[in-house]
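Enquirer: The structure that follows is given in the form of structure tokens.
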Amino acid sequence: MQRKLATLAALGAATALALAGCSSSSPDTGGTTDGESGSGSTGGGGGDVTLDFSQWWEVELEPGFMRGLMDRFEEENPGVTVNLISNPYSATVDLQTSAAATGTLACLVAINGASVYDLKTQGAITNLSTLMDEAGYDPSALVSNDQIDGATYMVRALNFAYPMYYNLDLLEAAGITELPETRSEFEAAATKVTNADANVYAWSLPINVQSPAGFDSQSWLWASGGRFLEDRKPNFETPEIADWLTFLKSQYDAGVITPGAFTQQEQQKVEEFTAGRNAMMNGSLAHVSGIRESNPDLNFDIGYVPVVDGYTGERGLAGASWGVGIAENCEHKAEAWKLVEFVMDTDVNSELATAATGFPGAVDAVPGYVDGDPLYEKAFEVYQGSEFVTELEGLPNALDLNRNLNENLVRLLQGDATVEETQASLQEYWTGVLG
């Protein structure tokens with residue numbers, strides 16, 4: 001089955017949130033620095049240009065990697081200097097939100113799909129389609145060219161897939177020798193592996209309302225072809241949604257989900273799996289290296305998210321992206337676009353994908369981590385055999401929509417709302433936002 005990127009509406013709030021790194025460093029500014037005007041100031045001599053690049057990527061990657069890429073770009077473009085403004089993901093988003101409101105965004109900004117629509121609507125980021133045309137750049141070189149109102153405002157540098165992780169030792173101890181392929185098989189496995197007395201549970205379902213992250217609930221719907229939207233309009237009152245909500249409720253009531261779902265953070269879920277206290281986990285492929293480093297003895301595998309029994313359609317795979325945009329107030333858009341082109345160069349994009357354990361955004365780029373590593377090869381097979389779903393990307397108020405989803409799930413799991421009431425509540429709220 002060929003890999004197919006679903007441009008259902010250019011999100012992943014959740015996505016990128018799940019990739020947010022942990023850093024104790026204090027946040028730098030997401031706007032201009034030291035009085036520089038408009039993110040991309042003219043330097044002190046000879047018309048030299050400085051481009052501010054606000055992103056969380058440097059925090060997520062090995063020390064020195066991003067700076068090394070920028071040094072290479074500067075060598076290829078004499079007179080252009082790149083100033084990396086690096087903060088953890090959440091701080092980057094918060095700072096960019098305030099900078100967008102005051103017209104002081106850094107010249108280049110790392111963007112997730114949850115914020116691109118709102119930044120575009122504010123007039124904070126520029127039309128990249130125009131810059132592509134002016135530079136003679138062929139957008140077919142991009143794996144995905146998501147557009148809003150017929151124009152590109154964010155280029156996806158990397159895509160991050162969210163397969164299912166499986167602790168093979170816990171499964172084997174429970175007498176399970178094959179990875180579950182269907183929901184019924186998963187439910188049976190979840191019951192067998194759960195041992196509350198030993199603090200071992202089948203899986204975690206973090207649906208924190210304050211910090212909605214990850215795809216732990218959504219993945220179960222998307223895997224079997226279900227969607228929240230139809231023609232960009234909310235479509236919650238369907239049998240597929242009802243079946244999905246019923247499944248989540250039954251898993252919670254069965255006690256196979258780690259306690260504390262309503263306050264659990266994304267990273268805590270990863271820690272539970274890494275420590276061997278969860279048998280299964282839906283998570284970004286980027287977690288593999290961290291799990292291996294923290295617990296080298298953990299025997300785990302990667303596979304598809306189980307589907308509804310009898311489902312024969314194309315499997316859906318939740319995904320997130322590292323995107324990049326250019327500020328409307330940037331004084332050096334042509335030079336900024338050169339940096340975007342550099343990041344999307346086949347060789348550079350392959351290096352970036354390898355360092356971040358993501359899938360390239362450039363069509364011809366290949367991540368170096370795939371060859372020779374059975375786990376990554378398996379993950380790549382899952383990616384190729386699935387439809388990459390980023391259903392919330394490019395929607396207005398995507399973070400708020402994801403928060404509302406979690407609020408409704410909390411009420412459902414607590415027994416304060418029925419499945420039908422949850423469907424109606426979601427339909428009403430999302431229609432109020434999306435029309």
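Residue numbering restarts at 1 in every chain; chains get A, B, ... in the order shown in the structure tokens, and ligands count up from 1 in that same order.
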Please identify all polymer residues within 8 Å of region 205-220 of chain A, counting only C-alpha atoms, omitting same-chain residues fewer than 4 positions from it, and present them as number ranges by chain.
Expert: A: 13-18, 162, 224, 244, 248, 257-258, 260-266, 269, 282-283, 305-307, 316-318, 399, 402-404, 406-407, 409-410
Enquirer: Among the residues of region 102-275 of chain A, find those DSSP assigns to helix (DSSP H, G or I) from the backbone and print them as a PyMOL selection string.
Expert: chain A and resi 102+116-121+128-135+139-141+168-173+183-193+196-198+218-222+239-253+266-274
Enquirer: When you count only C-alpha atoms, which of these residues is closest to Asp118 (chain A): A:Thr246, A:Thr97, A:Tyr429, A:Leu298?
Expert: A:Thr97
Enquirer: Grab the CA of Val143 (chain A) to CA of Ala355 (chain A) distance for me, in Å with one decimal place.
Expert: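 If I compute the distance from CA of Val143 (chain A) to CA of Ala355 (chain A), I get 18.6 Å.
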Enquirer: I'd like to know which residues of region 216-430 of chain A are strand (DSSP E or B) (by DSSP, run on the backbone); could you write them as number ranges by chain?
Expert: A: 229-230, 233-234, 257, 278, 280-282, 300-303, 307, 315-327, 359-360, 362, 386-389
Enquirer: Separation of CA of Ala398 (chain A) and CA of Ala151 (chain A), in Å?
Expert: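 Taking CA of Ala398 (chain A) and CA of Ala151 (chain A), their separation equals 19.1 Å.
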Enquirer: Would you please work out which residue, of A:Ser140, A:Gln384, A:Ser321, A:Asn329, is nearest to Ile111 (chain A) when using only C-alpha atoms?
Expert: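 Smallest distance to Ile111 (chain A) is found for A:Ser321.
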Enquirer: Quick one: everything within 10 Å of Phe228 (chain A), counting only C-alpha atoms, minus sequence neighbours fewer than 4 positions away in the same chain. Send it as a list in words.
Expert: Gln218, Leu221, Trp222, Arg232, Lys233, Pro234, Asn235, Phe236, Glu237, Thr238, Glu240, Ile241, Glu391, Leu392, Leu426, Gln427 and Trp430 of chain A
Enquirer: For the residues in that selection, give me N, CA and C atoms as an mmCIF file, in the first residue's frame.
Expert:
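For reference, result_16.cif as written:
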data_model
loop_
_atom_site.group_PDB
_atom_site.id
_atom_site.type_symbol
_atom_site.label_atom_id
_atom_site.label_comp_id
_atom_site.auth_asym_id
_atom_site.auth_seq_id
_atom_site.Cartn_x
_atom_site.Cartn_y
_atom_site.Cartn_z
ATOM 1 N N GLN A 218 -7.363 9.865 19.725
ATOM 2 C CA GLN A 218 -7.693 10.027 18.314
ATOM 3 C C GLN A 218 -7.215 8.865 17.445
ATOM 4 N N LEU A 221 -9.601 6.112 16.488
ATOM 5 C CA LEU A 221 -10.604 6.447 15.481
ATOM 6 C C LEU A 221 -9.985 6.469 14.094
ATOM 7 N N TRP A 222 -8.878 7.171 13.951
ATOM 8 C CA TRP A 222 -8.240 7.358 12.655
ATOM 9 C C TRP A 222 -7.723 6.046 12.073
ATOM 10 N N ARG A 232 -14.399 19.466 5.985
ATOM 11 C CA ARG A 232 -13.963 20.501 6.934
ATOM 12 C C ARG A 232 -15.063 20.924 7.909
ATOM 13 N N LYS A 233 -16.133 20.161 7.996
ATOM 14 C CA LYS A 233 -17.222 20.446 8.926
ATOM 15 C C LYS A 233 -17.292 19.329 9.972
ATOM 16 N N PRO A 234 -17.606 19.678 11.224
ATOM 17 C CA PRO A 234 -17.718 18.661 12.271
ATOM 18 C C PRO A 234 -18.729 17.584 11.901
ATOM 19 N N ASN A 235 -18.364 16.335 12.184
ATOM 20 C CA ASN A 235 -19.232 15.218 11.810
ATOM 21 C C ASN A 235 -19.147 14.157 12.911
ATOM 22 N N PHE A 236 -19.580 14.516 14.118
ATOM 23 C CA PHE A 236 -19.408 13.661 15.283
ATOM 24 C C PHE A 236 -20.546 12.667 15.509
ATOM 25 N N GLU A 237 -21.688 12.915 14.935
ATOM 26 C CA GLU A 237 -22.838 12.066 15.239
ATOM 27 C C GLU A 237 -22.955 10.931 14.212
ATOM 28 N N THR A 238 -21.915 10.095 14.208
ATOM 29 C CA THR A 238 -21.843 8.968 13.286
ATOM 30 C C THR A 238 -21.645 7.672 14.075
ATOM 31 N N GLU A 240 -19.377 5.491 13.611
ATOM 32 C CA GLU A 240 -17.941 5.301 13.835
ATOM 33 C C GLU A 240 -17.482 6.032 15.093
ATOM 34 N N ILE A 241 -17.978 7.265 15.280
ATOM 35 C CA ILE A 241 -17.618 8.033 16.474
ATOM 36 C C ILE A 241 -18.202 7.372 17.716
ATOM 37 N N GLU A 391 -5.558 15.471 10.969
ATOM 38 C CA GLU A 391 -6.886 16.029 10.719
ATOM 39 C C GLU A 391 -7.091 17.410 11.309
ATOM 40 N N LEU A 392 -6.424 17.739 12.398
ATOM 41 C CA LEU A 392 -6.661 19.025 13.048
ATOM 42 C C LEU A 392 -5.738 20.130 12.550
ATOM 43 N N LEU A 426 -19.806 17.585 21.404
ATOM 44 C CA LEU A 426 -18.696 17.847 20.491
ATOM 45 C C LEU A 426 -19.182 18.502 19.199
ATOM 46 N N GLN A 427 -20.284 17.990 18.669
ATOM 47 C CA GLN A 427 -20.829 18.538 17.439
ATOM 48 C C GLN A 427 -21.195 20.007 17.607
ATOM 49 N N TRP A 430 -17.765 22.258 18.267
ATOM 50 C CA TRP A 430 -16.904 22.353 17.096
ATOM 51 C C TRP A 430 -17.614 23.109 15.957
#
